[in-house]
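K.L.:
Below is the structure I would like to discuss, written out as structure tokens.
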Amino acid sequence: MDPPSPTQWRLRDRTLGLDTPVVMGIINLTPDSFSDGGEFDDPERALDRAHAMVEEGAGIIDVGGESTRPGAREIPEEEELRRILPFVRAAVSRLPVPVSVDTRKSAVADAALEEGAHVINDVSGLSHDPELGTVVARWGAGLVLMHMRGTPADMRERARYRDVAGEVRSELEAALTRALDQGVSRECLAVDPGIGFAKTPAQSFELLARLETLHDLGRPLVVGPSRKSFLGALLERPPRERVAGTIAASVLAALRGARILRVHDVREVSDALRVVQAVAEGHE
Ligand code: HH2
């Protein structure tokens, strides 16, 4: 698994080493996420799960308070804050790994960063809230720029490409420029092709096959195939039965240069990546 450069990602006051792929464990504090909505009714239970994810191999935890599944509607920022802030506060002081917050809103990001969060994960790639980049820059935090078109409510109609990998690449390049213009340091940025966001299943498979197209953006690649509907379209299974598909997609993404794999099934994906790594190193 030869990593595309770079092998480090700056996350506020720390640096995440990416010589080997890092697993990002998903904690959704939402009633309606497509695969794990409603799982946690209080922050302590969510924190127990986050601790377990770290033991299972997660190198970073990503918490979200708003579902972005296809067709989802935006929730008010007060509601998003109510869902995530108690978790972020506890996670930052008690988890040994960086905490990422999945939000598109600058007010939510600002409050989470004030609590000590290390990364903002923006599924809109700085196209939703014009203040978000400035807020992230002010805190010196990490920023994931994910590719999508439109909003979760209308993205399905926007899945029209002549060359999906090439167009995602150039739209991510524009997102990187927006981030730099808003003052975010290059070493704090990571990019994500947005599997399933304004992509048909066939386009998601093609993007995974052609991840190398994104290497020359020069930033760490985050990939989130976890339990998504492109796997369901192929396997005809509900989200919780897409674990094997998630492992295969994660391993193949890592072999094509992904450095951060955003998944629900941390133990399974971490184990698979360790085996791949050991083979790559020629160990038993
Ligand atoms: N996918 C989802 C949410 N956030 N962030 C990044 N960087 N990459 C992704 O692929 C990605 C993401 C959607 O998955 P999930 O959080 O499980 O579902 P929901 O949006 O329904 O909460």
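Here's how to read the names in the structure tokens: chain A, B, ... by the order shown, residue numbers from 1 in each chain, ligand numbers from 1 in the order shown.
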Go through chain A and flag each residue having an atom no more than 8 Å from ligand 1; for those, report the closest pair of atoms plus their distance in Å to one decimal, using only C-alpha atoms and all ligand atoms, ordered by chain and rising number, as a Markdown table.

P.N.:
```
| residue | atom | partner | partner_atom_place_in_ligand_line | distance |
| --- | --- | --- | --- | --- |
| A:Ile26 | CA | ligand 1 | 16 (O) | 6.6 |
| A:Ile27 | CA | ligand 1 | 16 (O) | 7.7 |
| A:Asn28 | CA | ligand 1 | 22 (O) | 5.8 |
| A:Thr30 | CA | ligand 1 | 22 (O) | 6.8 |
| A:Asp32 | CA | ligand 1 | 21 (O) | 6.5 |
| A:Ser33 | CA | ligand 1 | 21 (O) | 3.3 |
| A:Phe34 | CA | ligand 1 | 21 (O) | 4.2 |
| A:Ser35 | CA | ligand 1 | 17 (O) | 6.1 |
| A:Asp36 | CA | ligand 1 | 17 (O) | 6.9 |
| A:Gly37 | CA | ligand 1 | 22 (O) | 7.0 |
| A:Gly64 | CA | ligand 1 | 22 (O) | 6.8 |
| A:Gly65 | CA | ligand 1 | 22 (O) | 7.6 |
| A:Glu66 | CA | ligand 1 | 22 (O) | 6.2 |
| A:Ser67 | CA | ligand 1 | 22 (O) | 3.6 |
| A:Thr68 | CA | ligand 1 | 20 (O) | 3.6 |
| A:Arg69 | CA | ligand 1 | 21 (O) | 4.1 |
| A:Pro70 | CA | ligand 1 | 21 (O) | 7.9 |
| A:Ala72 | CA | ligand 1 | 21 (O) | 7.9 |
| A:Asp102 | CA | ligand 1 | 4 (N) | 6.2 |
| A:Asn121 | CA | ligand 1 | 7 (N) | 5.6 |
| A:Asp122 | CA | ligand 1 | 7 (N) | 6.7 |
| A:Val123 | CA | ligand 1 | 5 (N) | 5.4 |
| A:Val144 | CA | ligand 1 | 7 (N) | 6.1 |
| A:Leu145 | CA | ligand 1 | 7 (N) | 7.0 |
| A:Met146 | CA | ligand 1 | 7 (N) | 5.3 |
| A:Val191 | CA | ligand 1 | 7 (N) | 7.8 |
| A:Asp192 | CA | ligand 1 | 7 (N) | 5.7 |
| A:Pro193 | CA | ligand 1 | 10 (O) | 7.5 |
| A:Gly194 | CA | ligand 1 | 10 (O) | 4.7 |
| A:Ile195 | CA | ligand 1 | 10 (O) | 5.2 |
| A:Gly196 | CA | ligand 1 | 10 (O) | 7.2 |
| A:Phe197 | CA | ligand 1 | 10 (O) | 7.6 |
| A:Val222 | CA | ligand 1 | 7 (N) | 6.3 |
| A:Val223 | CA | ligand 1 | 10 (O) | 5.8 |
| A:Gly224 | CA | ligand 1 | 10 (O) | 3.5 |
| A:Pro225 | CA | ligand 1 | 10 (O) | 6.1 |
| A:Ser226 | CA | ligand 1 | 17 (O) | 6.8 |
| A:Arg227 | CA | ligand 1 | 17 (O) | 7.5 |
| A:Lys228 | CA | ligand 1 | 14 (O) | 7.3 |
| A:Arg262 | CA | ligand 1 | 8 (N) | 6.5 |
| A:Val263 | CA | ligand 1 | 17 (O) | 7.7 |
| A:His264 | CA | ligand 1 | 17 (O) | 7.2 |
```

K.L.:
Looking only at the backbone, which of the residues in segment 31-120 of chain A does DSSP tag as strand (DSSP E), as a JSON list (two decimals) with N, CA and C atoms, in the first residue's frame?

P.N.:
```
[["chain", "number", "residue", "atom", "x", "y", "z"],
["A", 58, "ALA", "N", -10.02, 2.35, 15.70],
["A", 58, "ALA", "CA", -10.28, 3.68, 15.12],
["A", 58, "ALA", "C", -9.17, 4.66, 15.54],
["A", 59, "GLY", "N", -8.69, 5.42, 14.57],
["A", 59, "GLY", "CA", -7.67, 6.43, 14.84],
["A", 59, "GLY", "C", -8.25, 7.82, 14.91],
["A", 60, "ILE", "N", -9.55, 7.93, 14.65],
["A", 60, "ILE", "CA", -10.26, 9.21, 14.71],
["A", 60, "ILE", "C", -11.75, 8.89, 14.81],
["A", 61, "ILE", "N", -12.50, 9.72, 15.52],
["A", 61, "ILE", "CA", -13.95, 9.51, 15.66],
["A", 61, "ILE", "C", -14.66, 10.69, 15.02],
["A", 62, "ASP", "N", -15.67, 10.38, 14.18],
["A", 62, "ASP", "CA", -16.44, 11.41, 13.47],
["A", 62, "ASP", "C", -17.87, 11.39, 14.00],
["A", 63, "VAL", "N", -18.30, 12.50, 14.60],
["A", 63, "VAL", "CA", -19.67, 12.55, 15.15],
["A", 63, "VAL", "C", -20.53, 13.49, 14.31],
["A", 64, "GLY", "N", -21.76, 13.07, 14.07],
["A", 64, "GLY", "CA", -22.67, 13.89, 13.29],
["A", 64, "GLY", "C", -24.03, 14.00, 13.97],
["A", 99, "VAL", "N", -11.11, 14.14, 17.47],
["A", 99, "VAL", "CA", -12.57, 14.13, 17.29],
["A", 99, "VAL", "C", -12.91, 15.04, 16.10],
["A", 100, "SER", "N", -13.66, 14.46, 15.16],
["A", 100, "SER", "CA", -14.09, 15.17, 13.97],
["A", 100, "SER", "C", -15.60, 15.40, 14.08],
["A", 101, "VAL", "N", -16.08, 16.53, 13.58],
["A", 101, "VAL", "CA", -17.51, 16.84, 13.65],
["A", 101, "VAL", "C", -18.03, 17.01, 12.23],
["A", 102, "ASP", "N", -19.03, 16.19, 11.90],
["A", 102, "ASP", "CA", -19.62, 16.17, 10.56],
["A", 102, "ASP", "C", -20.72, 17.23, 10.53],
["A", 119, "VAL", "N", -11.32, 18.45, 14.03],
["A", 119, "VAL", "CA", -11.57, 18.44, 12.59],
["A", 119, "VAL", "C", -13.04, 18.80, 12.32],
["A", 120, "ILE", "N", -13.28, 19.51, 11.22],
["A", 120, "ILE", "CA", -14.64, 19.66, 10.72],
["A", 120, "ILE", "C", -14.72, 18.88, 9.40]]
```

K.L.:
Of the candidates A:Leu273, A:Leu172, A:Ala233, A:Leu85, which shows the shortest atom-to-atom distance to Ile260 of chain A, using only C-alpha atoms?

P.N.:
A:Leu273

K.L.:
Mind giving me the straight-line distance from atom CA of Arg89 of chain A to atom CA of Asp41 of chain A in Å, one decimal?

P.N.:
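Pair atom CA of Arg89 of chain A / atom CA of Asp41 of chain A returns 16.5 Å.
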
K.L.:
Per DSSP on the backbone, filter segment 149-212 of chain A down to the residues in alpha helix (DSSP H) and report them as a list in words.

P.N.:
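Answer for segment 149-212 of chain A restricted to alpha helix (DSSP H) is Val164, Ala165, Gly166, Glu167, Val168, Arg169, Ser170, Glu171, Leu172, Glu173, Ala174, Ala175, Leu176, Thr177, Arg178, Ala179, Leu180, Asp181, Pro201, Ala202, Gln203, Ser204, Phe205, Glu206, Leu207, Leu208 and Ala209 of chain A.
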
K.L.:
Emit the selected residues as a PDB file, in the first residue's frame, including C-alpha atoms.

P.N.:
```pdb
ATOM      1  CA  VAL A 164     -17.195  11.165 -13.036  1.00  0.00           C
ATOM      2  CA  ALA A 165     -13.622  10.900 -11.691  1.00  0.00           C
ATOM      3  CA  GLY A 166     -12.352  13.872 -13.719  1.00  0.00           C
ATOM      4  CA  GLU A 167     -15.296  16.095 -12.771  1.00  0.00           C
ATOM      5  CA  VAL A 168     -15.101  15.150  -9.071  1.00  0.00           C
ATOM      6  CA  ARG A 169     -11.391  15.922  -9.209  1.00  0.00           C
ATOM      7  CA  SER A 170     -11.880  19.393 -10.682  1.00  0.00           C
ATOM      8  CA  GLU A 171     -14.780  20.209  -8.306  1.00  0.00           C
ATOM      9  CA  LEU A 172     -12.627  19.136  -5.324  1.00  0.00           C
ATOM     10  CA  GLU A 173      -9.827  21.320  -6.648  1.00  0.00           C
ATOM     11  CA  ALA A 174     -12.269  24.263  -6.608  1.00  0.00           C
ATOM     12  CA  ALA A 175     -13.209  23.362  -3.005  1.00  0.00           C
ATOM     13  CA  LEU A 176      -9.512  23.351  -2.042  1.00  0.00           C
ATOM     14  CA  THR A 177      -9.164  26.825  -3.570  1.00  0.00           C
ATOM     15  CA  ARG A 178     -12.206  28.053  -1.577  1.00  0.00           C
ATOM     16  CA  ALA A 179     -10.636  26.698   1.627  1.00  0.00           C
ATOM     17  CA  LEU A 180      -7.245  28.278   0.959  1.00  0.00           C
ATOM     18  CA  ASP A 181      -8.918  31.599   0.053  1.00  0.00           C
ATOM     19  CA  PRO A 201     -24.280   3.199  -7.799  1.00  0.00           C
ATOM     20  CA  ALA A 202     -22.353   2.753 -11.072  1.00  0.00           C
ATOM     21  CA  GLN A 203     -20.675   6.140 -10.596  1.00  0.00           C
ATOM     22  CA  SER A 204     -19.702   5.246  -7.012  1.00  0.00           C
ATOM     23  CA  PHE A 205     -18.076   2.020  -8.227  1.00  0.00           C
ATOM     24  CA  GLU A 206     -16.287   3.890 -11.005  1.00  0.00           C
ATOM     25  CA  LEU A 207     -14.967   6.487  -8.542  1.00  0.00           C
ATOM     26  CA  LEU A 208     -13.591   3.758  -6.290  1.00  0.00           C
ATOM     27  CA  ALA A 209     -11.951   2.124  -9.300  1.00  0.00           C
TER      28      ALA A 209
END
```

K.L.:
Using only C-alpha atoms, which of the listed residues (A:Thr103, A:Val136, A:Pro130, A:Thr151) sits closest to Pro76 of chain A?

P.N.:
A:Thr103

K.L.:
Neighbours of segment 4-8 of chain A within 8 Å (only C-alpha atoms; same-chain residues fewer than 5 positions away dropped), as a PyMOL selection string?

P.N.:
chain A and resi 15-19+187+215+218-220+257

K.L.:
Let me make sure I understand: among A:Arg267, A:Arg149, A:Arg256, A:Arg160, which one has the smallest atom-to-atom distance to Gly125 of chain A if we use only C-alpha atoms?

P.N.:
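Among A:Arg267, A:Arg149, A:Arg256, A:Arg160, it is A:Arg149 that comes nearest to Gly125 of chain A.
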
K.L.:
Pick out the closest residue to Thr134 of chain A from this set: A:Pro96, A:Gly150, A:Gly116, A:Gly183. Count only C-alpha atoms.

P.N.:
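When distances to Thr134 of chain A are compared using only C-alpha atoms, the smallest one comes from A:Gly183.
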
K.L.:
Counting only C-alpha atoms, figure out which residue out of A:Glu115, A:Glu56, A:Arg138, A:Ser93 gets nearest to Leu81 of chain A.

P.N.:
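Under the stated criterion, the closest residue is A:Glu115.
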
K.L.:
What separation in Å, quoted to one decimal, exists between atom CA of His128 of chain A and atom CA of Glu74 of chain A?

P.N.:
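Atom CA of Glu74 of chain A lies 11.2 Å from atom CA of His128 of chain A.
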
K.L.:
Between A:Tyr161, A:Ala244, A:Leu255, A:Glu44, which one has atoms that come closest to Val279 of chain A, using only C-alpha atoms?

P.N.:
A:Leu255
